[in-house]
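Report on one structure; see the data block that follows.
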Amino acid sequence: MENQSGLWLMKSEPEKYSFADLQRDGRTAWDGVRNNQAALYLKAMKVGDQALFYHSQKDLAAVGLMRVSKEAFIDPSDAAGRFVAVEVEPVRLLKRPVTLAQMKAEPALAEMKMFRQFRLSVVPVTPEEWAVILGLAGEG
(Lines give C-alpha, C1' and ligand atoms only; values in the text may rest on other atoms or scores of the structure.)
Protein backbone atom coordinates (compact mmCIF):
# COMPACT_ATOMS: atom_id res chain seq x y z
CA MET A 1 0.00 0.00 0.00
CA GLU A 2 2.40 2.64 -1.26
CA ASN A 3 1.57 6.34 -1.10
CA GLN A 4 4.20 8.03 -3.28
CA SER A 5 3.11 11.52 -2.24
CA GLY A 6 3.65 10.92 1.47
CA LEU A 7 0.53 12.96 2.29
CA TRP A 8 -2.20 11.74 4.62
CA LEU A 9 -5.29 12.72 6.55
CA MET A 10 -5.55 11.27 10.06
CA LYS A 11 -8.68 11.55 12.19
CA SER A 12 -8.99 11.82 15.94
CA GLU A 13 -11.92 12.68 18.17
CA PRO A 14 -10.87 15.95 19.83
CA GLU A 15 -12.37 14.83 23.16
CA LYS A 16 -9.97 11.86 23.14
CA TYR A 17 -6.89 13.49 21.58
CA SER A 18 -6.87 16.89 19.90
CA PHE A 19 -4.32 18.85 17.89
CA ALA A 20 -3.80 21.02 20.98
CA ASP A 21 -2.89 17.84 22.88
CA LEU A 22 -0.33 16.97 20.19
CA GLN A 23 1.14 20.48 20.36
CA ARG A 24 1.38 20.21 24.15
CA ASP A 25 2.97 16.72 24.03
CA GLY A 26 5.37 17.48 21.16
CA ARG A 27 4.88 13.98 19.72
CA THR A 28 2.66 10.97 20.22
CA ALA A 29 2.11 7.41 19.11
CA TRP A 30 -0.84 7.31 16.71
CA ASP A 31 -2.26 4.12 18.14
CA GLY A 32 -5.57 2.34 18.57
CA VAL A 33 -6.16 1.87 14.83
CA ARG A 34 -7.93 -1.48 14.42
CA ASN A 35 -9.15 -1.35 10.82
CA ASN A 36 -7.03 -3.49 8.49
CA GLN A 37 -7.05 -0.98 5.62
CA ALA A 38 -6.11 1.91 7.92
CA ALA A 39 -3.35 -0.27 9.42
CA LEU A 40 -1.95 -0.85 5.92
CA TYR A 41 -1.85 2.91 5.43
CA LEU A 42 0.05 3.28 8.73
CA LYS A 43 2.55 0.65 7.55
CA ALA A 44 3.09 2.63 4.33
CA MET A 45 4.05 5.83 6.15
CA LYS A 46 7.64 7.04 6.05
CA VAL A 47 9.50 9.42 8.35
CA GLY A 48 8.89 12.94 7.04
CA ASP A 49 5.47 12.18 5.54
CA GLN A 50 2.97 14.91 6.34
CA ALA A 51 -0.61 14.57 7.53
CA LEU A 52 -3.61 16.75 8.08
CA PHE A 53 -4.90 16.39 11.63
CA TYR A 54 -8.67 16.06 11.31
CA HIS A 55 -10.99 16.47 14.30
CA SER A 56 -13.75 13.90 13.83
CA GLN A 57 -17.12 13.50 15.55
CA LYS A 58 -17.47 17.06 16.88
CA ASP A 59 -15.59 19.69 14.85
CA LEU A 60 -15.49 17.79 11.54
CA ALA A 61 -12.54 19.82 10.26
CA ALA A 62 -8.89 19.60 9.33
CA VAL A 63 -7.24 21.78 11.96
CA GLY A 64 -3.49 21.20 11.83
CA LEU A 65 -0.46 19.74 10.11
CA MET A 66 1.76 17.03 11.53
CA ARG A 67 4.75 14.98 10.43
CA VAL A 68 5.53 11.27 10.80
CA SER A 69 8.56 11.05 13.09
CA LYS A 70 8.77 7.25 13.48
CA GLU A 71 7.62 4.55 11.06
CA ALA A 72 5.27 1.71 11.96
CA PHE A 73 5.92 -0.27 15.13
CA ILE A 74 3.81 -2.71 17.12
CA ASP A 75 0.97 -0.78 18.75
CA PRO A 76 1.56 -0.90 22.50
CA SER A 77 -2.21 -0.67 23.09
CA ASP A 78 -2.80 -3.92 21.15
CA ALA A 79 -2.32 -6.86 23.53
CA ALA A 80 -2.39 -9.28 20.58
CA GLY A 81 0.48 -7.46 18.84
CA ARG A 82 -1.30 -7.55 15.48
CA PHE A 83 -1.72 -3.83 14.80
CA VAL A 84 0.79 -1.03 14.34
CA ALA A 85 1.18 2.61 15.36
CA VAL A 86 3.34 5.43 14.03
CA GLU A 87 4.79 8.38 15.89
CA VAL A 88 3.75 11.87 14.81
CA GLU A 89 4.80 15.38 15.79
CA PRO A 90 3.01 18.69 15.24
CA VAL A 91 4.05 21.05 12.45
CA ARG A 92 1.54 23.88 12.94
CA LEU A 93 -2.07 24.82 13.38
CA LEU A 94 -3.77 25.65 10.08
CA LYS A 95 -4.50 29.38 9.62
CA ARG A 96 -8.16 28.43 9.62
CA PRO A 97 -9.89 25.05 9.96
CA VAL A 98 -11.21 23.40 6.80
CA THR A 99 -14.58 21.85 7.53
CA LEU A 100 -16.00 18.67 6.09
CA ALA A 101 -18.75 20.78 4.49
CA GLN A 102 -16.12 22.94 2.74
CA MET A 103 -14.28 19.86 1.49
CA LYS A 104 -17.47 18.23 0.21
CA ALA A 105 -18.46 21.46 -1.57
CA GLU A 106 -15.13 21.63 -3.42
CA PRO A 107 -15.34 19.82 -6.81
CA ALA A 108 -11.56 19.26 -6.86
CA LEU A 109 -11.94 17.10 -3.73
CA ALA A 110 -14.84 14.95 -4.97
CA GLU A 111 -12.66 11.84 -5.33
CA MET A 112 -10.96 12.02 -1.94
CA LYS A 113 -10.54 8.61 -0.34
CA MET A 114 -11.90 10.14 2.84
CA PHE A 115 -15.32 10.40 1.17
CA ARG A 116 -15.26 6.86 -0.23
CA GLN A 117 -13.82 5.25 2.92
CA PHE A 118 -15.32 7.61 5.49
CA ARG A 119 -15.04 5.24 8.44
CA LEU A 120 -11.25 4.98 8.08
CA SER A 121 -9.20 7.00 10.54
CA VAL A 122 -6.21 7.19 8.18
CA VAL A 123 -6.39 7.87 4.43
CA PRO A 124 -3.93 8.99 1.75
CA VAL A 125 -4.28 12.43 0.18
CA THR A 126 -3.08 13.31 -3.33
CA PRO A 127 -0.80 16.33 -3.87
CA GLU A 128 -3.65 18.07 -5.70
CA GLU A 129 -6.09 17.48 -2.83
CA TRP A 130 -3.43 18.63 -0.35
CA ALA A 131 -2.95 21.90 -2.25
CA VAL A 132 -6.71 22.54 -2.39
CA ILE A 133 -7.17 21.90 1.33
CA LEU A 134 -4.23 24.15 2.23
CA GLY A 135 -5.71 26.82 -0.06
CA LEU A 136 -9.05 26.56 1.77
CA ALA A 137 -7.11 26.95 5.03
CA GLY A 138 -5.55 30.21 3.79
CA GLU A 139 -2.13 28.60 3.58
CA GLY A 140 -1.24 29.85 0.14
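Here, A, B, ... name the chains of the C-alpha coordinates in the order displayed, residue numbers run from 1 inside each chain, and ligands are numbered from 1 in the same displayed order.
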
Applying 7 Å and only C-alpha atoms, which residues near stretch 74-88 of chain A remain after dropping the ones on its own chain fewer than 3 positions away? List them as a ChimeraX atom specification. /A:27-32,34,39,42,66-71

Apply DSSP to the backbone of this structure and, from stretch 14-140 of chain A, keep only the residues in helix (DSSP H, G or I); write these as a PyMOL selection string. chain A and resi 19-25+36-44+100-105+107-109+113-116+127-136

Neighbouring residues of A:Val98 were defined as those with any atom within 8 Å, considering only C-alpha atoms; residues of the same chain fewer than 3 positions away were excluded. Please report them as a PDB file with N, CA and C atoms, in the first residue's frame.
```pdb
ATOM      1  N   ALA A  61     -13.389  18.887  11.001  1.00  0.00           N
ATOM      2  CA  ALA A  61     -12.542  19.824  10.263  1.00  0.00           C
ATOM      3  C   ALA A  61     -11.079  19.433  10.370  1.00  0.00           C
ATOM      4  N   ALA A  62     -10.348  19.702   9.286  1.00  0.00           N
ATOM      5  CA  ALA A  62      -8.888  19.604   9.326  1.00  0.00           C
ATOM      6  C   ALA A  62      -8.410  20.851  10.059  1.00  0.00           C
ATOM      7  N   VAL A  63      -7.608  20.655  11.110  1.00  0.00           N
ATOM      8  CA  VAL A  63      -7.239  21.783  11.957  1.00  0.00           C
ATOM      9  C   VAL A  63      -5.734  22.032  12.037  1.00  0.00           C
ATOM     10  N   GLN A 102     -16.927  22.242   3.747  1.00  0.00           N
ATOM     11  CA  GLN A 102     -16.120  22.942   2.737  1.00  0.00           C
ATOM     12  C   GLN A 102     -15.467  21.939   1.779  1.00  0.00           C
ATOM     13  N   MET A 103     -14.938  20.866   2.333  1.00  0.00           N
ATOM     14  CA  MET A 103     -14.281  19.864   1.486  1.00  0.00           C
ATOM     15  C   MET A 103     -15.279  19.223   0.535  1.00  0.00           C
ATOM     16  N   ILE A 133      -6.833  21.777  -0.089  1.00  0.00           N
ATOM     17  CA  ILE A 133      -7.169  21.904   1.332  1.00  0.00           C
ATOM     18  C   ILE A 133      -6.345  23.015   1.974  1.00  0.00           C
ATOM     19  N   LEU A 136      -7.837  26.269   0.995  1.00  0.00           N
ATOM     20  CA  LEU A 136      -9.055  26.560   1.769  1.00  0.00           C
ATOM     21  C   LEU A 136      -8.703  27.025   3.195  1.00  0.00           C
ATOM     22  N   ALA A 137      -7.552  26.572   3.681  1.00  0.00           N
ATOM     23  CA  ALA A 137      -7.109  26.946   5.031  1.00  0.00           C
ATOM     24  C   ALA A 137      -6.398  28.305   5.048  1.00  0.00           C
TER      25      ALA A 137
END
```

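With only C-alpha atoms taken into account, the protein and nucleic acid residues at most 7 Å from stretch 16-24 of chain A (excluding it and anything under 5 positions from it in its own chain) are Phe53, His55, Gly64, Glu89 and Pro90 of chain A.
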
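If you measure from each of A:Lys11, A:Arg119, A:Lys104, A:Lys113 to A:Tyr54 using only C-alpha atoms, the closest one turns out to be A:Lys11.
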
Just list as a ChimeraX atom specification whatever in chain A DSSP marks as strand (DSSP E or B). /A:7-12,28-30,50-55,61-74,84-99,122-124

Using only C-alpha atoms, which of the listed residues (A:Asp49, A:Ser121, A:Thr126, A:Val132) sits closest to A:Glu106? A:Val132

Using only C-alpha atoms for the distances, tell me which of A:Val91, A:Leu9, A:Val125, A:Ala101 is nearest to A:Gly26.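 Answer, going by the shortest atom-to-atom distance: A:Val91.
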
Measure the distance from atom CA of A:Trp8 to atom CA of A:Asn36 in Å and round it to one decimal.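 Atom-to-atom, atom CA of A:Trp8 to atom CA of A:Asn36, that is 16.4 Å.
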
Taking 2 positions as the minimum chain separation for residues in the same chain, which residues sit within 12 Å of A:Pro124 when counting only C-alpha atoms? Answer as a count of residues only. 37
